[in-house]
Amino acid sequence: MDEVAQKIRTFVIDNLLFGQGGDSFSNDDSFLEKRLIDSMGVLALVEFVAEKFEIPVADSEIVPENWDSVNLIARFVQAKLGSVAS
Amino acid sequence: MMETIPVFSEKVLDIDAEAVTCAIAESVRQTVFGRLRRRGAVVGLSGGIDSSVSAALCVKALGKDRVLGIMMPEDESSEESLDLGRQLADAIGIEYVTEHIGPTLKALGCYERRDNAIRKIIPEYGAGWKSKIVLPDLVKSSNYALYSVVAQSPTGETYRVRLNSESYLGVVAATNFKQRTRKMMEYFHADRLWYAVAGTPNRLEYAQGFFVKNGDGAADFKPIAHLYKSQVMQLGSYLGVPDAILRRSPTTDTYSMEQSQEEFYFALPLKTMDLCLYARNHNVPSSSVAEGTGLSVEQVGRIYDMIDSKLNSTRYLHLGPQLVEKIEEVDASVHD
């Protein structure tokens, strides 16, 4: 698991699942379908990611295509880091 | 001969208003006099259809001399609410009191805390500004239910900014003082009269968690919690609720800017939301609902997902105090 995905997964388990259910989802599982986190959880994730990785997140980018699984978020972050670096 | 399959339509929500009234009246009577052993009922009157119908049903059940209406305006509620509440009380012949809770809310810091939370994202927000919180359109596309604040300056400029988690929770927590203070006042009057407190949510509100825990969510009985909004309207007509209340656009009357219930709920007309909730509860296929409502099948699917998701995420609101182990003697007495 790459480092970005690991940090995101750890945040989800520690802060949104409160240390429970760490075995209940994979990095590709949909948060919406598995009802793992609600809109407040998404908000917390956005704020964590923006701060941790120092990337801007526009309101229009807060959509399930970018936030609905650990790997989707990691991909979003990598794309942002790539465009920030260039 | 070809079988005609009925089209799903709002007709599914048609009720026999007289029969439903009788059934609810009997239930309220049994509950208030029998189970709760209280002399009457207190109903908070907001000037809206739900509290109006709830009060009218209580009159049918208990008699008008055993129902007290309470109007509880505050600094930001509309004058219309107060006026309509009084009209309703007069129409059904009940005694009512008016308790202005503005000073209490001010002392609690309700308005100030709310404004401070908004200022974290709109620094200029201050005296003379108005605001409300709104959801994006959740039906047209797959948006998360993330609230924005809409704020209007004293000179009329309007701003819409997405709330971050701190601001959102701060605004909601402060605003919840309103519902909780009202409920406190209802219980004061109920205690002094030995009455029970009626809760007034309709099914959409109750099932989807559109209430404040221990605020408007608290009550001794809830006479219309099983009814869809459309059905509450039908009862309103039957029970003689004033036209002005029947015609009124549903409002939350919670924020200083007028906020429709649609802006707060799902960005859908209430009628449609009502029908979709019924359809979900009865496992009606999305295609039938789409045909009956004019929505696309995809949109109905999204609404079904939202309903399921909201049911899941608002379990907290329905849960009572969680105990470490059962207290059998209390359980036995409560379930007698």
# chains A, B, ... in the order shown; residues from 1 in each chain; ligands from 1
call {"tool": "interface_residues", "arguments": {"of": "chain A", "to": "chain B", "cutoff": "10 Å", "atoms": "only C-alpha atoms", "output": "list in words"}}
result
Leu32, Glu33, Arg35, Leu36, Ile37, Asp38, Ser39, Met40, Gly41, Val42, Leu43, Ala44, Val46, Glu47, Asp59, Ser60, Ile62, Val63, Pro64, Glu65 and Trp67 of chain A
call {"tool": "select_by_dssp", "arguments": {"residues": "segment 69-187 of chain B", "states": "alpha helix (DSSP H)", "output": "PDB file with N, CA and C atoms, in the first residue's frame"}}
result
ATOM      1  N   GLU B  79     -43.282  36.802  12.175  1.00  0.00           N
ATOM      2  CA  GLU B  79     -44.530  37.274  12.781  1.00  0.00           C
ATOM      3  C   GLU B  79     -45.708  36.432  12.296  1.00  0.00           C
ATOM      4  N   GLU B  80     -45.580  35.990  11.078  1.00  0.00           N
ATOM      5  CA  GLU B  80     -46.648  35.193  10.476  1.00  0.00           C
ATOM      6  C   GLU B  80     -46.887  33.922  11.288  1.00  0.00           C
ATOM      7  N   SER B  81     -45.804  33.314  11.767  1.00  0.00           N
ATOM      8  CA  SER B  81     -45.937  32.079  12.555  1.00  0.00           C
ATOM      9  C   SER B  81     -46.807  32.317  13.781  1.00  0.00           C
ATOM     10  N   LEU B  82     -46.536  33.425  14.435  1.00  0.00           N
ATOM     11  CA  LEU B  82     -47.282  33.758  15.648  1.00  0.00           C
ATOM     12  C   LEU B  82     -48.756  33.982  15.319  1.00  0.00           C
ATOM     13  N   ASP B  83     -48.978  34.742  14.284  1.00  0.00           N
ATOM     14  CA  ASP B  83     -50.334  35.076  13.877  1.00  0.00           C
ATOM     15  C   ASP B  83     -51.118  33.813  13.490  1.00  0.00           C
ATOM     16  N   LEU B  84     -50.488  32.946  12.741  1.00  0.00           N
ATOM     17  CA  LEU B  84     -51.158  31.722  12.299  1.00  0.00           C
ATOM     18  C   LEU B  84     -51.411  30.769  13.474  1.00  0.00           C
ATOM     19  N   GLY B  85     -50.486  30.748  14.404  1.00  0.00           N
ATOM     20  CA  GLY B  85     -50.681  29.924  15.599  1.00  0.00           C
ATOM     21  C   GLY B  85     -51.924  30.349  16.361  1.00  0.00           C
ATOM     22  N   ARG B  86     -52.090  31.651  16.469  1.00  0.00           N
ATOM     23  CA  ARG B  86     -53.264  32.185  17.183  1.00  0.00           C
ATOM     24  C   ARG B  86     -54.548  31.875  16.416  1.00  0.00           C
ATOM     25  N   GLN B  87     -54.471  32.003  15.098  1.00  0.00           N
ATOM     26  CA  GLN B  87     -55.654  31.688  14.265  1.00  0.00           C
ATOM     27  C   GLN B  87     -56.081  30.243  14.472  1.00  0.00           C
ATOM     28  N   LEU B  88     -55.099  29.373  14.535  1.00  0.00           N
ATOM     29  CA  LEU B  88     -55.405  27.958  14.708  1.00  0.00           C
ATOM     30  C   LEU B  88     -56.026  27.711  16.074  1.00  0.00           C
ATOM     31  N   ALA B  89     -55.437  28.295  17.088  1.00  0.00           N
ATOM     32  CA  ALA B  89     -55.950  28.105  18.450  1.00  0.00           C
ATOM     33  C   ALA B  89     -57.403  28.587  18.535  1.00  0.00           C
ATOM     34  N   ASP B  90     -57.682  29.721  17.918  1.00  0.00           N
ATOM     35  CA  ASP B  90     -59.054  30.233  17.910  1.00  0.00           C
ATOM     36  C   ASP B  90     -59.978  29.314  17.111  1.00  0.00           C
ATOM     37  N   ALA B  91     -59.478  28.806  16.009  1.00  0.00           N
ATOM     38  CA  ALA B  91     -60.313  27.954  15.147  1.00  0.00           C
ATOM     39  C   ALA B  91     -60.734  26.673  15.857  1.00  0.00           C
ATOM     40  N   ILE B  92     -59.846  26.113  16.667  1.00  0.00           N
ATOM     41  CA  ILE B  92     -60.194  24.847  17.337  1.00  0.00           C
ATOM     42  C   ILE B  92     -60.623  25.065  18.787  1.00  0.00           C
ATOM     43  N   GLY B 102     -36.934  34.553  23.053  1.00  0.00           N
ATOM     44  CA  GLY B 102     -35.768  35.315  22.585  1.00  0.00           C
ATOM     45  C   GLY B 102     -34.771  35.639  23.688  1.00  0.00           C
ATOM     46  N   PRO B 103     -35.257  36.203  24.812  1.00  0.00           N
ATOM     47  CA  PRO B 103     -34.314  36.534  25.889  1.00  0.00           C
ATOM     48  C   PRO B 103     -33.572  35.307  26.424  1.00  0.00           C
ATOM     49  N   THR B 104     -34.294  34.183  26.500  1.00  0.00           N
ATOM     50  CA  THR B 104     -33.631  32.957  26.968  1.00  0.00           C
ATOM     51  C   THR B 104     -32.537  32.537  25.993  1.00  0.00           C
ATOM     52  N   LEU B 105     -32.859  32.579  24.714  1.00  0.00           N
ATOM     53  CA  LEU B 105     -31.870  32.192  23.704  1.00  0.00           C
ATOM     54  C   LEU B 105     -30.671  33.130  23.732  1.00  0.00           C
ATOM     55  N   LYS B 106     -30.953  34.383  23.947  1.00  0.00           N
ATOM     56  CA  LYS B 106     -29.862  35.359  24.001  1.00  0.00           C
ATOM     57  C   LYS B 106     -28.955  35.060  25.190  1.00  0.00           C
ATOM     58  N   ALA B 107     -29.590  34.774  26.324  1.00  0.00           N
ATOM     59  CA  ALA B 107     -28.805  34.477  27.530  1.00  0.00           C
ATOM     60  C   ALA B 107     -27.963  33.218  27.339  1.00  0.00           C
ATOM     61  N   LEU B 108     -28.479  32.278  26.568  1.00  0.00           N
ATOM     62  CA  LEU B 108     -27.737  31.039  26.304  1.00  0.00           C
ATOM     63  C   LEU B 108     -26.623  31.270  25.288  1.00  0.00           C
ATOM     64  N   CYS B 110     -27.270  31.691  22.103  1.00  0.00           N
ATOM     65  CA  CYS B 110     -27.681  31.001  20.862  1.00  0.00           C
ATOM     66  C   CYS B 110     -27.273  31.809  19.632  1.00  0.00           C
ATOM     67  N   TYR B 111     -27.717  33.058  19.585  1.00  0.00           N
ATOM     68  CA  TYR B 111     -27.461  33.859  18.380  1.00  0.00           C
ATOM     69  C   TYR B 111     -25.971  34.161  18.238  1.00  0.00           C
ATOM     70  N   GLU B 112     -25.340  34.503  19.359  1.00  0.00           N
ATOM     71  CA  GLU B 112     -23.927  34.878  19.323  1.00  0.00           C
ATOM     72  C   GLU B 112     -23.052  33.688  18.909  1.00  0.00           C
ATOM     73  N   ARG B 113     -23.340  32.518  19.469  1.00  0.00           N
ATOM     74  CA  ARG B 113     -22.528  31.340  19.126  1.00  0.00           C
ATOM     75  C   ARG B 113     -22.701  30.978  17.655  1.00  0.00           C
ATOM     76  N   ARG B 114     -23.961  31.112  17.193  1.00  0.00           N
ATOM     77  CA  ARG B 114     -24.228  30.808  15.781  1.00  0.00           C
ATOM     78  C   ARG B 114     -23.466  31.772  14.894  1.00  0.00           C
ATOM     79  N   ASP B 115     -23.537  33.057  15.241  1.00  0.00           N
ATOM     80  CA  ASP B 115     -22.854  34.065  14.436  1.00  0.00           C
ATOM     81  C   ASP B 115     -21.330  33.887  14.466  1.00  0.00           C
ATOM     82  N   ASN B 116     -20.814  33.510  15.617  1.00  0.00           N
ATOM     83  CA  ASN B 116     -19.360  33.254  15.708  1.00  0.00           C
ATOM     84  C   ASN B 116     -18.946  32.117  14.791  1.00  0.00           C
ATOM     85  N   ALA B 117     -19.794  31.087  14.725  1.00  0.00           N
ATOM     86  CA  ALA B 117     -19.485  29.937  13.867  1.00  0.00           C
ATOM     87  C   ALA B 117     -19.482  30.360  12.396  1.00  0.00           C
ATOM     88  N   ILE B 118     -20.421  31.225  12.027  1.00  0.00           N
ATOM     89  CA  ILE B 118     -20.480  31.696  10.633  1.00  0.00           C
ATOM     90  C   ILE B 118     -19.282  32.591  10.327  1.00  0.00           C
ATOM     91  N   ARG B 119     -18.903  33.394  11.309  1.00  0.00           N
ATOM     92  CA  ARG B 119     -17.776  34.318  11.098  1.00  0.00           C
ATOM     93  C   ARG B 119     -16.474  33.589  10.809  1.00  0.00           C
ATOM     94  N   SER B 165     -16.340  21.702   8.761  1.00  0.00           N
ATOM     95  CA  SER B 165     -16.977  20.884   9.796  1.00  0.00           C
ATOM     96  C   SER B 165     -17.162  21.670  11.092  1.00  0.00           C
ATOM     97  N   GLU B 166     -16.156  22.477  11.441  1.00  0.00           N
ATOM     98  CA  GLU B 166     -16.253  23.238  12.698  1.00  0.00           C
ATOM     99  C   GLU B 166     -17.420  24.231  12.639  1.00  0.00           C
ATOM    100  N   SER B 167     -17.521  24.927  11.524  1.00  0.00           N
ATOM    101  CA  SER B 167     -18.593  25.910  11.383  1.00  0.00           C
ATOM    102  C   SER B 167     -19.951  25.241  11.313  1.00  0.00           C
ATOM    103  N   TYR B 168     -20.040  24.152  10.553  1.00  0.00           N
ATOM    104  CA  TYR B 168     -21.323  23.463  10.415  1.00  0.00           C
ATOM    105  C   TYR B 168     -21.810  22.986  11.777  1.00  0.00           C
ATOM    106  N   LEU B 169     -20.962  22.293  12.486  1.00  0.00           N
ATOM    107  CA  LEU B 169     -21.365  21.776  13.799  1.00  0.00           C
ATOM    108  C   LEU B 169     -21.676  22.925  14.753  1.00  0.00           C
ATOM    109  N   GLY B 170     -20.907  24.001  14.657  1.00  0.00           N
ATOM    110  CA  GLY B 170     -21.143  25.160  15.520  1.00  0.00           C
ATOM    111  C   GLY B 170     -22.490  25.810  15.250  1.00  0.00           C
ATOM    112  N   VAL B 171     -22.823  25.975  13.968  1.00  0.00           N
ATOM    113  CA  VAL B 171     -24.108  26.581  13.604  1.00  0.00           C
ATOM    114  C   VAL B 171     -25.267  25.696  14.072  1.00  0.00           C
ATOM    115  N   VAL B 172     -25.152  24.421  13.803  1.00  0.00           N
ATOM    116  CA  VAL B 172     -26.244  23.500  14.171  1.00  0.00           C
ATOM    117  C   VAL B 172     -26.402  23.423  15.688  1.00  0.00           C
ATOM    118  N   ALA B 173     -25.295  23.310  16.386  1.00  0.00           N
ATOM    119  CA  ALA B 173     -25.366  23.199  17.850  1.00  0.00           C
ATOM    120  C   ALA B 173     -26.016  24.440  18.456  1.00  0.00           C
ATOM    121  N   ALA B 174     -25.630  25.605  17.965  1.00  0.00           N
ATOM    122  CA  ALA B 174     -26.197  26.843  18.497  1.00  0.00           C
ATOM    123  C   ALA B 174     -27.669  26.962  18.142  1.00  0.00           C
ATOM    124  N   THR B 175     -28.011  26.632  16.914  1.00  0.00           N
ATOM    125  CA  THR B 175     -29.389  26.738  16.464  1.00  0.00           C
ATOM    126  C   THR B 175     -30.288  25.743  17.200  1.00  0.00           C
ATOM    127  N   ASN B 176     -29.737  24.608  17.565  1.00  0.00           N
ATOM    128  CA  ASN B 176     -30.518  23.594  18.287  1.00  0.00           C
ATOM    129  C   ASN B 176     -31.037  24.090  19.624  1.00  0.00           C
ATOM    130  N   PHE B 177     -30.422  25.153  20.138  1.00  0.00           N
ATOM    131  CA  PHE B 177     -30.949  25.756  21.361  1.00  0.00           C
ATOM    132  C   PHE B 177     -32.420  26.135  21.189  1.00  0.00           C
ATOM    133  N   LYS B 178     -32.792  26.538  19.983  1.00  0.00           N
ATOM    134  CA  LYS B 178     -34.164  27.003  19.755  1.00  0.00           C
ATOM    135  C   LYS B 178     -35.160  25.879  20.024  1.00  0.00           C
ATOM    136  N   GLN B 179     -34.927  24.731  19.385  1.00  0.00           N
ATOM    137  CA  GLN B 179     -35.864  23.620  19.562  1.00  0.00           C
ATOM    138  C   GLN B 179     -35.852  23.103  21.004  1.00  0.00           C
ATOM    139  N   ARG B 180     -34.661  23.063  21.596  1.00  0.00           N
ATOM    140  CA  ARG B 180     -34.569  22.529  22.962  1.00  0.00           C
ATOM    141  C   ARG B 180     -35.200  23.469  23.987  1.00  0.00           C
ATOM    142  N   THR B 181     -35.069  24.775  23.754  1.00  0.00           N
ATOM    143  CA  THR B 181     -35.678  25.736  24.676  1.00  0.00           C
ATOM    144  C   THR B 181     -37.197  25.664  24.565  1.00  0.00           C
ATOM    145  N   ARG B 182     -37.687  25.529  23.352  1.00  0.00           N
ATOM    146  CA  ARG B 182     -39.142  25.400  23.167  1.00  0.00           C
ATOM    147  C   ARG B 182     -39.680  24.174  23.901  1.00  0.00           C
ATOM    148  N   LYS B 183     -38.950  23.080  23.780  1.00  0.00           N
ATOM    149  CA  LYS B 183     -39.408  21.840  24.425  1.00  0.00           C
ATOM    150  C   LYS B 183     -39.383  22.000  25.953  1.00  0.00           C
ATOM    151  N   MET B 184     -38.390  22.707  26.447  1.00  0.00           N
ATOM    152  CA  MET B 184     -38.299  22.969  27.884  1.00  0.00           C
ATOM    153  C   MET B 184     -39.550  23.720  28.347  1.00  0.00           C
ATOM    154  N   MET B 185     -39.965  24.693  27.545  1.00  0.00           N
ATOM    155  CA  MET B 185     -41.135  25.488  27.885  1.00  0.00           C
ATOM    156  C   MET B 185     -42.406  24.636  27.828  1.00  0.00           C
ATOM    157  N   GLU B 186     -42.485  23.770  26.849  1.00  0.00           N
ATOM    158  CA  GLU B 186     -43.658  22.881  26.742  1.00  0.00           C
ATOM    159  C   GLU B 186     -43.755  21.999  27.981  1.00  0.00           C
ATOM    160  N   TYR B 187     -42.623  21.475  28.422  1.00  0.00           N
ATOM    161  CA  TYR B 187     -42.653  20.599  29.598  1.00  0.00           C
ATOM    162  C   TYR B 187     -42.942  21.373  30.874  1.00  0.00           C
TER     163      TYR B 187
END
call {"tool": "residues_around", "arguments": {"residues": "segment 22-39 of chain B", "least_positions_apart": "2", "cutoff": "7 Å", "atoms": "only C-alpha atoms", "output": "VMD selection string"}}
result
chain B and resid 18 to 20 57 to 58 60 to 62 66 194 to 196 223
call {"tool": "write_last_selection", "arguments": {"atoms": "C-alpha atoms", "output": "PDB file, in the first residue's frame"}}
result
ATOM      1  CA  GLU B  18     -62.652  10.762   8.983  1.00  0.00           C
ATOM      2  CA  ALA B  19     -61.543   7.217   9.719  1.00  0.00           C
ATOM      3  CA  VAL B  20     -57.933   8.224  10.301  1.00  0.00           C
ATOM      4  CA  LEU B  57     -56.426  15.867  16.747  1.00  0.00           C
ATOM      5  CA  CYS B  58     -55.740  16.363  20.436  1.00  0.00           C
ATOM      6  CA  LYS B  60     -60.861  15.510  18.987  1.00  0.00           C
ATOM      7  CA  ALA B  61     -59.285  13.060  21.387  1.00  0.00           C
ATOM      8  CA  LEU B  62     -59.341  14.894  24.676  1.00  0.00           C
ATOM      9  CA  ARG B  66     -57.818  19.731  27.911  1.00  0.00           C
ATOM     10  CA  TRP B 194     -50.259  17.501  34.669  1.00  0.00           C
ATOM     11  CA  TYR B 195     -50.543  17.305  30.911  1.00  0.00           C
ATOM     12  CA  ALA B 196     -48.610  15.279  28.346  1.00  0.00           C
ATOM     13  CA  PRO B 223     -50.020  11.722  16.913  1.00  0.00           C
TER      14      PRO B 223
END
call {"tool": "residues_around", "arguments": {"residues": "Leu138 of chain B", "least_positions_apart": "2", "cutoff": "12 Å", "atoms": "only C-alpha atoms", "output": "PDB file with N, CA and C atoms, in the first residue's frame"}}
result
ATOM      1  N   VAL A  63     -16.701  15.219  -4.662  1.00  0.00           N
ATOM      2  CA  VAL A  63     -17.707  14.342  -5.264  1.00  0.00           C
ATOM      3  C   VAL A  63     -17.267  12.901  -5.052  1.00  0.00           C
TER       4      VAL A  63
ATOM      5  N   VAL B 134     -28.146  25.730   3.662  1.00  0.00           N
ATOM      6  CA  VAL B 134     -28.812  25.040   2.557  1.00  0.00           C
ATOM      7  C   VAL B 134     -27.968  23.873   2.065  1.00  0.00           C
ATOM      8  N   LEU B 135     -28.646  22.933   1.439  1.00  0.00           N
ATOM      9  CA  LEU B 135     -27.975  21.793   0.824  1.00  0.00           C
ATOM     10  C   LEU B 135     -27.865  22.022  -0.681  1.00  0.00           C
ATOM     11  N   PRO B 136     -26.893  21.368  -1.322  1.00  0.00           N
ATOM     12  CA  PRO B 136     -26.869  21.427  -2.789  1.00  0.00           C
ATOM     13  C   PRO B 136     -27.974  20.536  -3.345  1.00  0.00           C
ATOM     14  N   LYS B 140     -30.191  16.005  -8.779  1.00  0.00           N
ATOM     15  CA  LYS B 140     -29.720  16.148 -10.160  1.00  0.00           C
ATOM     16  C   LYS B 140     -28.384  15.447 -10.376  1.00  0.00           C
ATOM     17  N   SER B 141     -27.538  15.449  -9.360  1.00  0.00           N
ATOM     18  CA  SER B 141     -26.254  14.749  -9.517  1.00  0.00           C
ATOM     19  C   SER B 141     -25.816  14.212  -8.170  1.00  0.00           C
ATOM     20  N   SER B 142     -24.795  13.359  -8.205  1.00  0.00           N
ATOM     21  CA  SER B 142     -24.339  12.736  -6.958  1.00  0.00           C
ATOM     22  C   SER B 142     -23.495  13.686  -6.137  1.00  0.00           C
ATOM     23  N   ASN B 143     -24.152  14.549  -5.385  1.00  0.00           N
ATOM     24  CA  ASN B 143     -23.428  15.431  -4.471  1.00  0.00           C
ATOM     25  C   ASN B 143     -23.476  14.847  -3.075  1.00  0.00           C
ATOM     26  N   TYR B 144     -22.471  15.180  -2.283  1.00  0.00           N
ATOM     27  CA  TYR B 144     -22.562  14.862  -0.862  1.00  0.00           C
ATOM     28  C   TYR B 144     -23.463  15.904  -0.215  1.00  0.00           C
ATOM     29  N   ALA B 145     -24.096  15.513   0.871  1.00  0.00           N
ATOM     30  CA  ALA B 145     -24.991  16.427   1.584  1.00  0.00           C
ATOM     31  C   ALA B 145     -24.167  17.348   2.473  1.00  0.00           C
ATOM     32  N   LEU B 146     -23.451  18.268   1.839  1.00  0.00           N
ATOM     33  CA  LEU B 146     -22.616  19.221   2.584  1.00  0.00           C
ATOM     34  C   LEU B 146     -23.296  20.581   2.568  1.00  0.00           C
ATOM     35  N   TYR B 147     -23.549  21.106   3.740  1.00  0.00           N
ATOM     36  CA  TYR B 147     -24.281  22.361   3.839  1.00  0.00           C
ATOM     37  C   TYR B 147     -23.398  23.567   3.508  1.00  0.00           C
ATOM     38  N   GLU B 262     -37.468  22.447   1.714  1.00  0.00           N
ATOM     39  CA  GLU B 262     -36.763  21.771   0.619  1.00  0.00           C
ATOM     40  C   GLU B 262     -35.282  22.102   0.627  1.00  0.00           C
ATOM     41  N   GLU B 263     -34.954  23.347   0.938  1.00  0.00           N
ATOM     42  CA  GLU B 263     -33.537  23.739   0.965  1.00  0.00           C
ATOM     43  C   GLU B 263     -32.815  22.981   2.054  1.00  0.00           C
ATOM     44  N   PHE B 264     -33.550  22.691   3.128  1.00  0.00           N
ATOM     45  CA  PHE B 264     -32.937  22.031   4.266  1.00  0.00           C
ATOM     46  C   PHE B 264     -32.938  20.522   4.093  1.00  0.00           C
ATOM     47  N   TYR B 265     -33.918  20.005   3.387  1.00  0.00           N
ATOM     48  CA  TYR B 265     -34.046  18.566   3.248  1.00  0.00           C
ATOM     49  C   TYR B 265     -33.273  18.053   2.029  1.00  0.00           C
ATOM     50  N   PHE B 266     -33.941  17.969   0.890  1.00  0.00           N
ATOM     51  CA  PHE B 266     -33.311  17.281  -0.227  1.00  0.00           C
ATOM     52  C   PHE B 266     -33.298  18.061  -1.526  1.00  0.00           C
ATOM     53  N   ALA B 267     -33.665  19.322  -1.475  1.00  0.00           N
ATOM     54  CA  ALA B 267     -33.802  20.082  -2.717  1.00  0.00           C
ATOM     55  C   ALA B 267     -34.841  19.431  -3.628  1.00  0.00           C
ATOM     56  N   LEU B 268     -35.855  18.867  -3.016  1.00  0.00           N
ATOM     57  CA  LEU B 268     -36.956  18.274  -3.769  1.00  0.00           C
ATOM     58  C   LEU B 268     -38.246  18.850  -3.236  1.00  0.00           C
ATOM     59  N   MET B 273     -40.823  14.191  -2.282  1.00  0.00           N
ATOM     60  CA  MET B 273     -40.055  13.485  -1.257  1.00  0.00           C
ATOM     61  C   MET B 273     -40.954  12.522  -0.487  1.00  0.00           C
ATOM     62  N   GLU B 298     -32.808   7.168 -12.739  1.00  0.00           N
ATOM     63  CA  GLU B 298     -31.535   7.408 -12.033  1.00  0.00           C
ATOM     64  C   GLU B 298     -31.753   8.322 -10.817  1.00  0.00           C
ATOM     65  N   GLN B 299     -32.579   9.341 -11.015  1.00  0.00           N
ATOM     66  CA  GLN B 299     -32.852  10.266  -9.907  1.00  0.00           C
ATOM     67  C   GLN B 299     -33.587   9.554  -8.771  1.00  0.00           C
ATOM     68  N   VAL B 300     -34.533   8.711  -9.125  1.00  0.00           N
ATOM     69  CA  VAL B 300     -35.251   7.965  -8.090  1.00  0.00           C
ATOM     70  C   VAL B 300     -34.283   7.062  -7.337  1.00  0.00           C
ATOM     71  N   GLY B 301     -33.379   6.460  -8.084  1.00  0.00           N
ATOM     72  CA  GLY B 301     -32.356   5.625  -7.434  1.00  0.00           C
ATOM     73  C   GLY B 301     -31.544   6.419  -6.428  1.00  0.00           C
ATOM     74  N   ARG B 302     -31.203   7.625  -6.836  1.00  0.00           N
ATOM     75  CA  ARG B 302     -30.415   8.502  -5.949  1.00  0.00           C
ATOM     76  C   ARG B 302     -31.228   8.868  -4.706  1.00  0.00           C
ATOM     77  N   ILE B 303     -32.502   9.139  -4.903  1.00  0.00           N
ATOM     78  CA  ILE B 303     -33.368   9.487  -3.768  1.00  0.00           C
ATOM     79  C   ILE B 303     -33.499   8.290  -2.828  1.00  0.00           C
ATOM     80  N   TYR B 304     -33.653   7.116  -3.380  1.00  0.00           N
ATOM     81  CA  TYR B 304     -33.728   5.912  -2.552  1.00  0.00           C
ATOM     82  C   TYR B 304     -32.446   5.755  -1.731  1.00  0.00           C
ATOM     83  N   ASP B 305     -31.311   6.001  -2.366  1.00  0.00           N
ATOM     84  CA  ASP B 305     -30.030   5.900  -1.646  1.00  0.00           C
ATOM     85  C   ASP B 305     -29.976   6.914  -0.519  1.00  0.00           C
ATOM     86  N   MET B 306     -30.461   8.132  -0.798  1.00  0.00           N
ATOM     87  CA  MET B 306     -30.441   9.196   0.217  1.00  0.00           C
ATOM     88  C   MET B 306     -31.328   8.819   1.397  1.00  0.00           C
ATOM     89  N   ILE B 307     -32.498   8.267   1.094  1.00  0.00           N
ATOM     90  CA  ILE B 307     -33.425   7.859   2.151  1.00  0.00           C
ATOM     91  C   ILE B 307     -32.762   6.793   3.029  1.00  0.00           C
TER      92      ILE B 307
END
call {"tool": "closest_residue", "arguments": {"among": "A:Leu16, A:Arg75, A:Asn27, A:Lys80", "to": "Ala50 of chain A", "atoms": "only C-alpha atoms"}}
result
A:Lys80
call {"tool": "select_by_dssp", "arguments": {"residues": "segment 153-291 of chain B", "states": "strand (DSSP E or B)", "output": "list in words"}}
result
Thr158, Tyr159, Arg160, Val161, Arg162, Ala196, Val197, Ala198, Phe221, Thr251 and Ser260 of chain B
call {"tool": "atom_distance", "arguments": {"atom1": "atom CA of Ile133 of chain B", "atom2": "atom CA of Glu76 of chain B"}}
result
14.4 Å
call {"tool": "residues_around", "arguments": {"residues": "Gly44 of chain B", "least_positions_apart": "6", "cutoff": "7 Å", "atoms": "only C-alpha atoms", "output": "PyMOL selection string"}}
result
chain B and resi 51+69-71+186
call {"tool": "atom_distance", "arguments": {"atom1": "atom CA of Lys213 of chain B", "atom2": "atom CA of Leu317 of chain B"}}
result
5.5 Å
call {"tool": "closest_residue", "arguments": {"among": "A:Ala58, A:Asn66, A:Glu3, A:Val12", "to": "Leu45 of chain A", "atoms": "only C-alpha atoms"}}
result
A:Val12
call {"tool": "closest_residue", "arguments": {"among": "A:Ser83, A:Gln20, A:Asn71, A:Ser30", "to": "Ala5 of chain A", "atoms": "only C-alpha atoms"}}
result
A:Asn71
call {"tool": "atom_distance", "arguments": {"atom1": "atom CA of Phe48 of chain A", "atom2": "atom CA of Thr314 of chain B"}}
result
23.8 Å
call {"tool": "decode", "arguments": {"residues": "segment 69-78 of chain A", "atoms": "N, CA and C atoms", "output": "compact mmCIF listing (two decimals), in the first residue's frame"}}
result
# COMPACT_ATOMS: atom_id res chain seq x y z
N SER A 69 -13.58 6.14 -1.76
CA SER A 69 -12.81 5.01 -1.23
C SER A 69 -11.41 5.51 -0.92
N VAL A 70 -10.67 4.74 -0.18
CA VAL A 70 -9.30 5.11 0.16
C VAL A 70 -8.49 5.32 -1.11
N ASN A 71 -8.62 4.38 -2.04
CA ASN A 71 -7.81 4.48 -3.27
C ASN A 71 -8.22 5.64 -4.16
N LEU A 72 -9.52 5.95 -4.19
CA LEU A 72 -9.96 7.10 -4.97
C LEU A 72 -9.37 8.38 -4.40
N ILE A 73 -9.37 8.49 -3.09
CA ILE A 73 -8.81 9.68 -2.45
C ILE A 73 -7.30 9.74 -2.72
N ALA A 74 -6.64 8.60 -2.59
CA ALA A 74 -5.19 8.57 -2.82
C ALA A 74 -4.88 9.00 -4.24
N ARG A 75 -5.68 8.55 -5.18
CA ARG A 75 -5.48 8.91 -6.59
C ARG A 75 -5.67 10.41 -6.78
N PHE A 76 -6.70 10.94 -6.12
CA PHE A 76 -6.99 12.37 -6.19
C PHE A 76 -5.81 13.17 -5.64
N VAL A 77 -5.29 12.72 -4.49
CA VAL A 77 -4.17 13.42 -3.85
C VAL A 77 -2.94 13.38 -4.76
N GLN A 78 -2.67 12.19 -5.30
CA GLN A 78 -1.47 12.05 -6.17
C GLN A 78 -1.57 12.98 -7.37
